[in-house]
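J.: Attaching a single structure in structure tokens format; questions to follow.
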Amino acid sequence: MGADREGRGRRRHARVMAYAAGGVLVLAGCASMPDSGDLRGVESTPRQETQVQVFAVPPGEDASPSEIVQGFLEALTSDDPQYKTARQYLTGDAAKTWRPEASATVLTDGPGAKPEPGGGGEDTGEISYMLTGTKVATVDAQQAYAPATGAYGRSVHLTQDDKRQWRIDALPQGVVIGESDFQRNYMSVSKYYFASNTEAAGSKSRPTAVADPIYVRRRVEPMTQMVSSLLSGPTRWLGPVVRSSFPTGTALAKGAGALTPDDRSKLTVPLNDKAAGIGTNRCEEMAAQMLFTLRNLSPAVDEVELRSGGAELCSLTQEGADSAASRSSARHPDYLYFVDGKHRLVRIAAGSSGNEPDPAPGALGEGDTALRSVAVSRDEHAAAGVSLDGRSLYVGSLVSGGSLGEPVLRSQGRSEKDRLTPPSWDADDGLWVADRDPERPRLLLFEEGKGDAVEVRTPHLDGRIQSVRVAADGVRIALVVEKGGKKTLLIGLIERDEKPGEKPAVRVVELRSATPELEEVTTMSWAGDSRLVVVGREHGGVEQMRYVQVDGSTPDVPAPAALTGVKEVTAAEDDQLPLVAYSVDGIVRLPSGEQWQKVTEGTAPVYPG
């Protein structure tokens, strides 16, 4: 980029970039283009230029139709907040009706464009171009990401205005952009709402925060974007299982402008009159939602003050937010658990460098019942274990001297692989497990880890569950599902219908793939509020370990160091704790910034959950 290439004829610069180099602002021309002939694809800016800022350039005098289309596509990759320059490539009417915020279509490479056959020509005063490419993802009007596949093909139409200047007068809504430009221009952030099955605002119980990932433009007032999106409500996918403490219709006050914290890292947020008159408890929940949402953004926000009608509603610090609401990644487990060579439950202090485990207190650690997989409740007061043959599920307390009793569940599957999956605990001490018996495959929930199982309905599940992991928020669930020899990772929502005196009706709905490119998922674990770690294989590829977001996007963090022969992996919601895996080398862990280290012999490692 920058220098003209030979053999392309006369060119002009379609955009310029600015980036910091040793404290000096450097401008570089980019994406030169031809006057005539077919349009090439828009060259995406290399991903590694993280400090690059792209400024759009308006159309030149007497620009040809190909230059107008190319210049418009280049302007879509700029950091122009309202796409004012991009609109200069449109007719007046088109500029008024075009809504770039409606969607973003992400293509493998920048969009290509060619004149459409029968679409007119320069001598007719109108011409059409077809934009083409291969889809990677879409981002909708709510800024929610979704993986996409297949060919992209949309038409733009150009005409000449009264001054004989070519302009686009018909085009698809939204923007279309190459993948590397998308990664440079946009970033994934999580806004936070509260699980709707937790107590309403003002109760003594702390509500549970649930992450709702979205994509915002990286250099276009991201703080203001995030607050506005938070106020507008959750994405359509998450909406049925969460609530917001902000009253319906709450928005930034008119004329609020860009939001920026002061020199004490305090952010003052002026709201419209919909927020006026709320009580202190509810206001603090609102401020907690905002602080959780802005927690990892730069510049840092340590305190939020909410105002309406010129009056202060409440003020809350980050520490106060953790007291007002519960957030999964703020939990710090005491121990890492696994099954040792004697098939008993053992543990090592979480985050320690120790290699010698101790038997877990209670019957599951005594070794009287041989185990193949385990799960420990999030408060680390109880544990569940599946017997070595995969047939029986036991539940016991993590207290010395406690008895185990009879199994709470027995599978009738004929072989070990057709019996029980490893169990998983939710945030309310509910115990989840799937029975893989082909004659009666079921997803089951034991409320508080005991009593009769509730059979969880999975109305749109296509395949047989091989693995279950419930998120700490209790409203999202990750399932590895097998169908036709393929194992895929699906994320679903947990819906509950509870009536006094009756068993709750529980369903898993809105299942969607988090790893559409993987056809063989070996193991997975939650690894944060909206992130999982997955071991799997693409078609014709080799086994790999990676992080994925619940929306199917790839987080902007390094993948874990390579590890061969991984059979199971576990991660804590607290990202300061190391990944732990069971591989051909036994139990291994990955401390931050280091390589995998062997801990000891054993299988089935788990953090609480």
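Letters A, B, ... mark the chains of the structure tokens in the order given; residue numbers begin at 1 per chain; ligand numbers begin at 1, in order shown.
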Identify, on the basis of only C-alpha atoms, every residue whose closest approach to segment 377-382 of chain A does not exceed 9 Å; exclude the query and any residue fewer than 4 positions from it along the same chain; express the result as a PyMOL selection string.
T.: chain A and resi 331+333-335+362+395-399+424-431+449+472+607-609
J.: Skip Val189 of chain A itself and residues of its chain fewer than 2 positions away, then list as a tab-separated table (two decimals) with all heavy atoms, in the first residue's frame all residues within 12 Å of it, counting only C-alpha atoms.
T.:
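Generated file (part17.tsv):
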chain	number	residue	atom	x	y	z
A	143	GLN	N	-25.82	-4.81	16.95
A	143	GLN	CA	-24.37	-5.00	17.04
A	143	GLN	C	-23.99	-6.42	17.46
A	143	GLN	O	-22.90	-6.68	17.92
A	143	GLN	CB	-23.74	-3.98	18.01
A	143	GLN	CG	-23.96	-2.53	17.58
A	143	GLN	CD	-23.68	-1.54	18.68
A	143	GLN	OE1	-24.42	-1.45	19.65
A	143	GLN	NE2	-22.59	-0.80	18.55
A	144	ALA	N	-24.91	-7.36	17.26
A	144	ALA	CA	-24.67	-8.75	17.60
A	144	ALA	C	-24.03	-9.48	16.43
A	144	ALA	O	-24.48	-9.36	15.28
A	144	ALA	CB	-25.97	-9.44	17.99
A	145	TYR	N	-23.00	-10.25	16.71
A	145	TYR	CA	-22.22	-10.98	15.70
A	145	TYR	C	-22.83	-12.36	15.47
A	145	TYR	O	-23.32	-13.01	16.41
A	145	TYR	CB	-20.79	-11.12	16.22
A	145	TYR	CG	-19.82	-11.85	15.32
A	145	TYR	CD1	-18.91	-11.15	14.53
A	145	TYR	CD2	-19.76	-13.23	15.29
A	145	TYR	CE1	-17.99	-11.81	13.73
A	145	TYR	CE2	-18.84	-13.91	14.49
A	145	TYR	CZ	-17.97	-13.20	13.72
A	145	TYR	OH	-17.05	-13.86	12.93
A	186	TYR	N	-13.33	-2.87	14.29
A	186	TYR	CA	-14.31	-3.25	15.31
A	186	TYR	C	-13.64	-4.04	16.43
A	186	TYR	O	-12.62	-4.69	16.23
A	186	TYR	CB	-15.42	-4.12	14.70
A	186	TYR	CG	-16.33	-3.40	13.74
A	186	TYR	CD1	-15.91	-3.13	12.43
A	186	TYR	CD2	-17.60	-3.01	14.12
A	186	TYR	CE1	-16.75	-2.47	11.53
A	186	TYR	CE2	-18.44	-2.35	13.22
A	186	TYR	CZ	-18.01	-2.09	11.93
A	186	TYR	OH	-18.83	-1.45	11.05
A	187	MET	N	-14.25	-3.99	17.61
A	187	MET	CA	-13.77	-4.81	18.73
A	187	MET	C	-14.97	-5.39	19.47
A	187	MET	O	-16.05	-4.80	19.53
A	187	MET	CB	-12.90	-3.99	19.68
A	187	MET	CG	-13.60	-2.87	20.40
A	187	MET	SD	-12.45	-2.00	21.51
A	187	MET	CE	-13.53	-0.75	22.21
A	191	LYS	N	-21.63	-6.21	27.15
A	191	LYS	CA	-22.47	-5.43	28.05
A	191	LYS	C	-23.16	-6.42	28.98
A	191	LYS	O	-23.22	-7.61	28.71
A	191	LYS	CB	-23.47	-4.58	27.27
A	191	LYS	CG	-24.30	-5.34	26.23
A	191	LYS	CD	-25.20	-4.38	25.47
A	191	LYS	CE	-26.09	-5.14	24.48
A	191	LYS	NZ	-27.08	-4.25	23.82
A	192	TYR	N	-23.67	-5.91	30.10
A	192	TYR	CA	-24.15	-6.82	31.15
A	192	TYR	C	-25.59	-6.53	31.54
A	192	TYR	O	-25.99	-5.38	31.71
A	192	TYR	CB	-23.25	-6.72	32.39
A	192	TYR	CG	-21.94	-7.45	32.23
A	192	TYR	CD1	-20.88	-6.85	31.56
A	192	TYR	CD2	-21.76	-8.74	32.70
A	192	TYR	CE1	-19.68	-7.52	31.38
A	192	TYR	CE2	-20.57	-9.42	32.53
A	192	TYR	CZ	-19.53	-8.80	31.87
A	192	TYR	OH	-18.34	-9.46	31.69
A	211	ALA	N	-23.16	-11.74	30.67
A	211	ALA	CA	-22.48	-11.01	29.59
A	211	ALA	C	-23.24	-11.16	28.28
A	211	ALA	O	-23.72	-12.24	27.93
A	211	ALA	CB	-21.06	-11.53	29.42
A	212	ASP	N	-23.33	-10.06	27.55
A	212	ASP	CA	-24.00	-10.02	26.25
A	212	ASP	C	-23.02	-9.40	25.25
A	212	ASP	O	-22.95	-8.18	25.12
A	212	ASP	CB	-25.26	-9.17	26.37
A	212	ASP	CG	-26.17	-9.27	25.14
A	212	ASP	OD1	-25.90	-10.14	24.29
A	212	ASP	OD2	-27.13	-8.48	25.05
A	213	PRO	N	-22.22	-10.21	24.53
A	213	PRO	CA	-21.18	-9.64	23.65
A	213	PRO	C	-21.76	-8.95	22.43
A	213	PRO	O	-22.71	-9.43	21.81
A	213	PRO	CB	-20.34	-10.86	23.26
A	213	PRO	CG	-21.25	-12.04	23.46
A	213	PRO	CD	-22.17	-11.67	24.58
A	214	ILE	N	-21.15	-7.81	22.08
A	214	ILE	CA	-21.49	-7.08	20.87
A	214	ILE	C	-20.20	-6.59	20.23
A	214	ILE	O	-19.12	-6.71	20.82
A	214	ILE	CB	-22.41	-5.87	21.15
A	214	ILE	CG1	-21.73	-4.91	22.14
A	214	ILE	CG2	-23.77	-6.32	21.65
A	214	ILE	CD1	-22.45	-3.59	22.32
A	215	TYR	N	-20.29	-6.03	19.03
A	215	TYR	CA	-19.13	-5.43	18.36
A	215	TYR	C	-19.38	-3.94	18.19
A	215	TYR	O	-20.44	-3.53	17.71
A	215	TYR	CB	-18.88	-6.09	17.01
A	215	TYR	CG	-17.97	-7.29	17.11
A	215	TYR	CD1	-18.46	-8.53	17.49
A	215	TYR	CD2	-16.60	-7.17	16.88
A	215	TYR	CE1	-17.63	-9.62	17.61
A	215	TYR	CE2	-15.75	-8.26	16.99
A	215	TYR	CZ	-16.27	-9.48	17.36
A	215	TYR	OH	-15.43	-10.56	17.50
A	216	VAL	N	-18.40	-3.12	18.61
A	216	VAL	CA	-18.48	-1.67	18.43
A	216	VAL	C	-17.29	-1.22	17.60
A	216	VAL	O	-16.27	-1.91	17.53
A	216	VAL	CB	-18.49	-0.94	19.79
A	216	VAL	CG1	-19.69	-1.34	20.62
A	216	VAL	CG2	-17.20	-1.18	20.57
A	217	ARG	N	-17.41	-0.05	17.00
A	217	ARG	CA	-16.30	0.50	16.21
A	217	ARG	C	-15.21	0.96	17.17
A	217	ARG	O	-15.45	1.73	18.10
A	217	ARG	CB	-16.81	1.61	15.32
A	217	ARG	CG	-17.80	1.10	14.26
A	217	ARG	CD	-18.37	2.23	13.43
A	217	ARG	NE	-17.37	2.79	12.52
A	217	ARG	CZ	-17.55	3.91	11.85
A	217	ARG	NH1	-18.66	4.61	12.01
A	217	ARG	NH2	-16.61	4.35	11.04
A	218	ARG	N	-14.02	0.50	16.90
A	218	ARG	CA	-12.91	0.61	17.85
A	218	ARG	C	-12.52	2.05	18.15
A	218	ARG	O	-12.17	2.38	19.28
A	218	ARG	CB	-11.71	-0.16	17.28
A	218	ARG	CG	-10.59	-0.40	18.26
A	218	ARG	CD	-9.44	-1.12	17.56
A	218	ARG	NE	-9.82	-2.46	17.11
A	218	ARG	CZ	-9.68	-3.57	17.84
A	218	ARG	NH1	-9.17	-3.49	19.06
A	218	ARG	NH2	-10.03	-4.73	17.35
A	222	PRO	N	-16.02	4.50	21.53
A	222	PRO	CA	-16.52	3.20	21.98
A	222	PRO	C	-17.26	3.27	23.32
A	222	PRO	O	-18.22	2.52	23.54
A	222	PRO	CB	-15.26	2.33	22.06
A	222	PRO	CG	-14.12	3.30	22.13
A	222	PRO	CD	-14.56	4.50	21.34
A	223	MET	N	-16.83	4.14	24.22
A	223	MET	CA	-17.50	4.24	25.51
A	223	MET	C	-18.94	4.70	25.34
A	223	MET	O	-19.87	4.14	25.95
A	223	MET	CB	-16.74	5.19	26.44
A	223	MET	CG	-17.24	5.20	27.87
A	223	MET	SD	-16.15	6.13	28.97
A	223	MET	CE	-14.66	5.10	28.95
A	225	GLN	N	-20.71	4.40	22.57
A	225	GLN	CA	-21.41	3.30	21.89
A	225	GLN	C	-21.87	2.24	22.87
A	225	GLN	O	-23.01	1.75	22.81
A	225	GLN	CB	-20.49	2.65	20.86
A	225	GLN	CG	-20.16	3.45	19.63
A	225	GLN	CD	-19.33	2.61	18.67
A	225	GLN	OE1	-19.84	1.68	18.04
A	225	GLN	NE2	-18.05	2.91	18.57
A	226	MET	N	-20.98	1.86	23.80
A	226	MET	CA	-21.29	0.78	24.74
A	226	MET	C	-22.41	1.18	25.69
A	226	MET	O	-23.32	0.39	25.97
A	226	MET	CB	-20.03	0.39	25.50
A	226	MET	CG	-19.00	-0.31	24.62
A	226	MET	SD	-17.37	-0.43	25.39
A	226	MET	CE	-17.71	-1.56	26.73
A	227	VAL	N	-22.36	2.42	26.20
A	227	VAL	CA	-23.42	2.87	27.10
A	227	VAL	C	-24.75	2.94	26.36
A	227	VAL	O	-25.79	2.50	26.87
A	227	VAL	CB	-23.04	4.23	27.72
A	227	VAL	CG1	-24.23	4.82	28.48
A	227	VAL	CG2	-21.86	4.07	28.67
A	229	SER	N	-25.70	1.24	23.75
A	229	SER	CA	-26.16	-0.12	23.49
A	229	SER	C	-26.70	-0.76	24.76
A	229	SER	O	-27.71	-1.46	24.73
A	229	SER	CB	-25.03	-0.96	22.89
A	229	SER	OG	-25.47	-2.25	22.58
A	230	LEU	N	-26.03	-0.54	25.88
A	230	LEU	CA	-26.50	-1.08	27.16
A	230	LEU	C	-27.90	-0.56	27.47
A	230	LEU	O	-28.79	-1.32	27.86
A	230	LEU	CB	-25.53	-0.69	28.27
A	230	LEU	CG	-25.96	-1.02	29.70
A	230	LEU	CD1	-25.99	-2.53	29.91
A	230	LEU	CD2	-25.02	-0.36	30.72
A	292	PHE	N	-19.74	-2.90	35.04
A	292	PHE	CA	-19.33	-4.20	34.48
A	292	PHE	C	-19.06	-4.06	32.98
A	292	PHE	O	-18.10	-4.61	32.44
A	292	PHE	CB	-20.40	-5.26	34.71
A	292	PHE	CG	-20.57	-5.69	36.14
A	292	PHE	CD1	-21.74	-6.28	36.58
A	292	PHE	CD2	-19.55	-5.51	37.06
A	292	PHE	CE1	-21.90	-6.69	37.88
A	292	PHE	CE2	-19.70	-5.91	38.38
A	292	PHE	CZ	-20.88	-6.51	38.79
A	293	THR	N	-19.93	-3.30	32.30
A	293	THR	CA	-19.82	-3.13	30.85
A	293	THR	C	-18.54	-2.39	30.48
A	293	THR	O	-17.89	-2.71	29.48
A	293	THR	CB	-21.04	-2.37	30.32
A	293	THR	OG1	-22.22	-3.15	30.58
A	293	THR	CG2	-20.93	-2.09	28.83
A	294	LEU	N	-18.15	-1.40	31.28
A	294	LEU	CA	-17.00	-0.56	30.96
A	294	LEU	C	-15.72	-1.01	31.64
A	294	LEU	O	-14.69	-0.36	31.49
A	294	LEU	CB	-17.30	0.90	31.36
A	294	LEU	CG	-18.53	1.55	30.70
A	294	LEU	CD1	-18.76	2.92	31.29
A	294	LEU	CD2	-18.36	1.62	29.20
A	295	ARG	N	-15.77	-2.14	32.35
A	295	ARG	CA	-14.65	-2.55	33.22
A	295	ARG	C	-13.32	-2.65	32.49
A	295	ARG	O	-12.29	-2.24	33.00
A	295	ARG	CB	-14.98	-3.88	33.89
A	295	ARG	CG	-13.92	-4.35	34.88
A	295	ARG	CD	-14.35	-5.67	35.53
A	295	ARG	NE	-15.52	-5.50	36.36
A	295	ARG	CZ	-15.47	-5.36	37.68
A	295	ARG	NH1	-14.30	-5.37	38.30
A	295	ARG	NH2	-16.57	-5.24	38.39
A	296	ASN	N	-13.31	-3.21	31.30
A	296	ASN	CA	-12.04	-3.45	30.60
A	296	ASN	C	-11.75	-2.45	29.50
A	296	ASN	O	-10.85	-2.66	28.69
A	296	ASN	CB	-12.04	-4.87	30.02
A	296	ASN	CG	-12.10	-5.93	31.10
A	296	ASN	OD1	-11.42	-5.82	32.12
A	296	ASN	ND2	-12.91	-6.96	30.89
A	297	LEU	N	-12.49	-1.36	29.48
A	297	LEU	CA	-12.29	-0.37	28.43
A	297	LEU	C	-11.24	0.64	28.87
A	297	LEU	O	-11.07	0.94	30.05
A	297	LEU	CB	-13.60	0.35	28.13
A	297	LEU	CG	-13.66	1.16	26.83
A	297	LEU	CD1	-13.53	0.23	25.63
A	297	LEU	CD2	-14.97	1.93	26.75
A	298	SER	N	-10.52	1.17	27.90
A	298	SER	CA	-9.54	2.23	28.17
A	298	SER	C	-10.04	3.52	27.53
A	298	SER	O	-10.50	3.51	26.38
A	298	SER	CB	-8.18	1.85	27.59
A	298	SER	OG	-7.23	2.85	27.85
A	529	ASP	N	-16.69	-14.80	31.20
A	529	ASP	CA	-18.10	-14.43	31.15
A	529	ASP	C	-18.76	-14.76	29.82
A	529	ASP	O	-19.95	-15.08	29.78
A	529	ASP	CB	-18.24	-12.93	31.43
A	529	ASP	CG	-17.95	-12.58	32.88
A	529	ASP	OD1	-17.94	-13.49	33.71
A	529	ASP	OD2	-17.72	-11.39	33.16
A	530	SER	N	-18.02	-14.65	28.72
A	530	SER	CA	-18.62	-14.91	27.41
A	530	SER	C	-17.67	-15.68	26.50
A	530	SER	O	-17.78	-15.63	25.29
A	530	SER	CB	-19.00	-13.59	26.73
A	530	SER	OG	-17.88	-12.74	26.60
A	531	ARG	N	-16.74	-16.41	27.09
A	531	ARG	CA	-15.70	-17.09	26.32
A	531	ARG	C	-15.57	-18.54	26.76
A	531	ARG	O	-15.80	-18.88	27.92
A	531	ARG	CB	-14.37	-16.36	26.52
A	531	ARG	CG	-13.25	-16.85	25.63
A	531	ARG	CD	-12.04	-15.94	25.77
A	531	ARG	NE	-11.38	-16.07	27.06
A	531	ARG	CZ	-10.38	-15.31	27.48
A	531	ARG	NH1	-9.93	-14.32	26.72
A	531	ARG	NH2	-9.82	-15.51	28.65
A	549	GLN	N	-15.83	-17.09	21.35
A	549	GLN	CA	-16.88	-16.34	22.04
A	549	GLN	C	-18.21	-17.09	21.88
A	549	GLN	O	-18.39	-17.88	20.95
A	549	GLN	CB	-17.02	-14.94	21.44
A	549	GLN	CG	-15.79	-14.06	21.61
A	549	GLN	CD	-15.73	-13.43	22.99
A	549	GLN	OE1	-15.11	-13.99	23.90
A	549	GLN	NE2	-16.37	-12.30	23.15
A	551	ASP	N	-20.82	-16.00	20.78
A	551	ASP	CA	-21.49	-15.62	19.53
A	551	ASP	C	-20.82	-16.23	18.30
A	551	ASP	O	-21.25	-15.99	17.17
A	551	ASP	CB	-21.56	-14.10	19.39
A	551	ASP	CG	-20.18	-13.43	19.43
A	551	ASP	OD1	-19.16	-14.15	19.37
A	551	ASP	OD2	-20.13	-12.19	19.52
A	553	SER	N	-17.63	-15.75	17.37
A	553	SER	CA	-16.47	-14.99	16.92
A	553	SER	C	-15.21	-15.43	17.66
A	553	SER	O	-15.28	-16.16	18.65
A	553	SER	CB	-16.69	-13.48	17.12
A	553	SER	OG	-16.79	-13.16	18.50
A	555	PRO	N	-12.08	-14.32	19.90
A	555	PRO	CA	-11.63	-13.19	20.71
A	555	PRO	C	-10.23	-12.75	20.32
A	555	PRO	O	-9.42	-13.55	19.83
A	555	PRO	CB	-11.67	-13.74	22.14
A	555	PRO	CG	-11.56	-15.22	21.99
A	555	PRO	CD	-12.23	-15.55	20.69
A	556	ASP	N	-9.95	-11.48	20.57
A	556	ASP	CA	-8.66	-10.90	20.19
A	556	ASP	C	-7.63	-11.17	21.28
A	556	ASP	O	-7.09	-10.25	21.89
A	556	ASP	CB	-8.82	-9.40	19.95
A	556	ASP	CG	-7.59	-8.78	19.30
A	556	ASP	OD1	-6.75	-9.55	18.78
A	556	ASP	OD2	-7.47	-7.54	19.30
J.: So what do you get for atom CA of Ser188 of chain A versus atom CA of Gly540 of chain A, distance-wise?
T.: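 Distance between the two atoms: 29.4 Å.
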J.: Provide the atom CA of Leu336 of chain A to atom CA of Ala478 of chain A distance in Å, to one decimal place.
T.: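 Result for atom CA of Leu336 of chain A versus atom CA of Ala478 of chain A: 20.7 Å, one decimal.
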J.: For atom CA of Trp432 of chain A and atom CA of Val599 of chain A, quote the distance in Å rounded to one decimal.
T.: 28.2 Å
J.: Residues of segment 336-427 of chain A in strand (DSSP E) according to DSSP, as a PyMOL selection string?
T.: chain A and resi 336-339+345-349+358-359+371-376+382-387+392-397+409-410+424-425
J.: Atoms to include: N, CA and C atoms. Write the selected residues as a compact mmCIF listing (two decimals), in the first residue's frame.
T.:
# COMPACT_ATOMS: atom_id res chain seq x y z
N LEU A 336 -8.37 -26.83 42.42
CA LEU A 336 -8.51 -27.58 41.18
C LEU A 336 -8.72 -29.03 41.57
N TYR A 337 -9.69 -29.71 40.95
CA TYR A 337 -10.03 -31.09 41.29
C TYR A 337 -9.77 -32.01 40.10
N PHE A 338 -9.45 -33.27 40.37
CA PHE A 338 -9.34 -34.27 39.31
C PHE A 338 -9.41 -35.67 39.92
N VAL A 339 -9.36 -36.67 39.06
CA VAL A 339 -9.41 -38.07 39.49
C VAL A 339 -8.00 -38.64 39.41
N LEU A 345 -11.49 -38.79 44.02
CA LEU A 345 -11.46 -37.35 43.85
C LEU A 345 -10.35 -36.74 44.70
N VAL A 346 -9.46 -35.97 44.03
CA VAL A 346 -8.36 -35.31 44.72
C VAL A 346 -8.34 -33.84 44.32
N ARG A 347 -7.51 -33.05 45.02
CA ARG A 347 -7.49 -31.62 44.72
C ARG A 347 -6.13 -31.01 45.03
N ILE A 348 -5.87 -29.89 44.34
CA ILE A 348 -4.67 -29.06 44.53
C ILE A 348 -5.14 -27.62 44.63
N ALA A 349 -4.51 -26.83 45.47
CA ALA A 349 -4.88 -25.42 45.60
C ALA A 349 -4.85 -24.74 44.24
N ASP A 358 -4.10 -33.76 47.34
CA ASP A 358 -4.65 -34.36 48.55
C ASP A 358 -6.02 -34.94 48.23
N PRO A 359 -6.38 -36.04 48.88
CA PRO A 359 -7.75 -36.55 48.69
C PRO A 359 -8.76 -35.50 49.12
N LEU A 371 -14.18 -43.71 40.24
CA LEU A 371 -14.79 -42.64 39.44
C LEU A 371 -14.11 -42.49 38.08
N ARG A 372 -14.87 -42.01 37.09
CA ARG A 372 -14.30 -41.68 35.79
C ARG A 372 -14.38 -40.19 35.49
N SER A 373 -15.36 -39.50 36.09
CA SER A 373 -15.49 -38.05 35.90
C SER A 373 -16.14 -37.45 37.13
N VAL A 374 -15.89 -36.15 37.34
CA VAL A 374 -16.39 -35.48 38.55
C VAL A 374 -16.82 -34.05 38.21
N ALA A 375 -17.55 -33.44 39.13
CA ALA A 375 -17.88 -32.01 39.10
C ALA A 375 -18.06 -31.55 40.53
N VAL A 376 -17.63 -30.33 40.80
CA VAL A 376 -17.70 -29.77 42.15
C VAL A 376 -18.57 -28.52 42.11
N ALA A 382 -20.13 -29.40 47.75
CA ALA A 382 -20.62 -30.70 47.30
C ALA A 382 -19.90 -31.10 46.01
N ALA A 383 -19.94 -32.39 45.74
CA ALA A 383 -19.32 -32.92 44.52
C ALA A 383 -20.19 -34.02 43.94
N ALA A 384 -20.06 -34.22 42.65
CA ALA A 384 -20.76 -35.30 41.96
C ALA A 384 -19.74 -36.09 41.18
N GLY A 385 -19.95 -37.41 41.10
CA GLY A 385 -19.02 -38.26 40.36
C GLY A 385 -19.76 -39.33 39.59
N VAL A 386 -19.26 -39.64 38.39
CA VAL A 386 -19.79 -40.74 37.58
C VAL A 386 -18.88 -41.94 37.76
N SER A 387 -19.48 -43.08 37.98
CA SER A 387 -18.72 -44.31 38.24
C SER A 387 -17.84 -44.68 37.05
N SER A 392 -23.39 -44.97 36.77
CA SER A 392 -24.04 -44.42 37.97
C SER A 392 -23.52 -43.03 38.29
N LEU A 393 -24.43 -42.16 38.78
CA LEU A 393 -24.09 -40.80 39.22
C LEU A 393 -24.28 -40.72 40.73
N TYR A 394 -23.21 -40.32 41.42
CA TYR A 394 -23.23 -40.17 42.88
C TYR A 394 -23.07 -38.69 43.24
N VAL A 395 -23.67 -38.30 44.36
CA VAL A 395 -23.53 -36.95 44.89
C VAL A 395 -23.18 -37.05 46.36
N GLY A 396 -22.14 -36.30 46.77
CA GLY A 396 -21.74 -36.32 48.17
C GLY A 396 -21.21 -34.96 48.61
N SER A 397 -21.18 -34.73 49.90
CA SER A 397 -20.67 -33.46 50.43
C SER A 397 -19.15 -33.52 50.53
N LEU A 409 -28.75 -41.57 40.00
CA LEU A 409 -29.14 -41.86 38.63
C LEU A 409 -28.37 -43.05 38.12
N ARG A 410 -29.06 -43.92 37.36
CA ARG A 410 -28.41 -45.04 36.68
C ARG A 410 -28.79 -45.01 35.20
N SER A 424 -22.22 -31.34 35.55
CA SER A 424 -21.89 -29.92 35.65
C SER A 424 -22.86 -29.25 36.62
N TRP A 425 -22.34 -28.36 37.46
CA TRP A 425 -23.17 -27.64 38.43
C TRP A 425 -23.46 -26.23 37.92
J.: Would you list the contacts of Ser315 of chain A as a VMD selection string, taking every protein, DNA or RNA residue within 10 Å and counting only C-alpha atoms, but skipping same-chain residues closer than 5 positions in sequence?
T.: chain A and resid 266 to 268 280 283 to 284 287 to 288 303 to 307 320
J.: Find, counting only C-alpha atoms, the residue in A:Ile477, A:Ile68, A:Ala63, A:Ala94 that gets nearest to Arg512 of chain A.
T.: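 Among the listed residues, A:Ile477 lies closest to Arg512 of chain A.
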J.: Could you check the closest approach to Ser328 of chain A for each of A:Ala104, A:Val535, A:Val475, A:Val588 and tell me which residue wins, using only C-alpha atoms?
T.: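 Of A:Ala104, A:Val535, A:Val475, A:Val588, the one nearest Ser328 of chain A is A:Val475, counting only C-alpha atoms.
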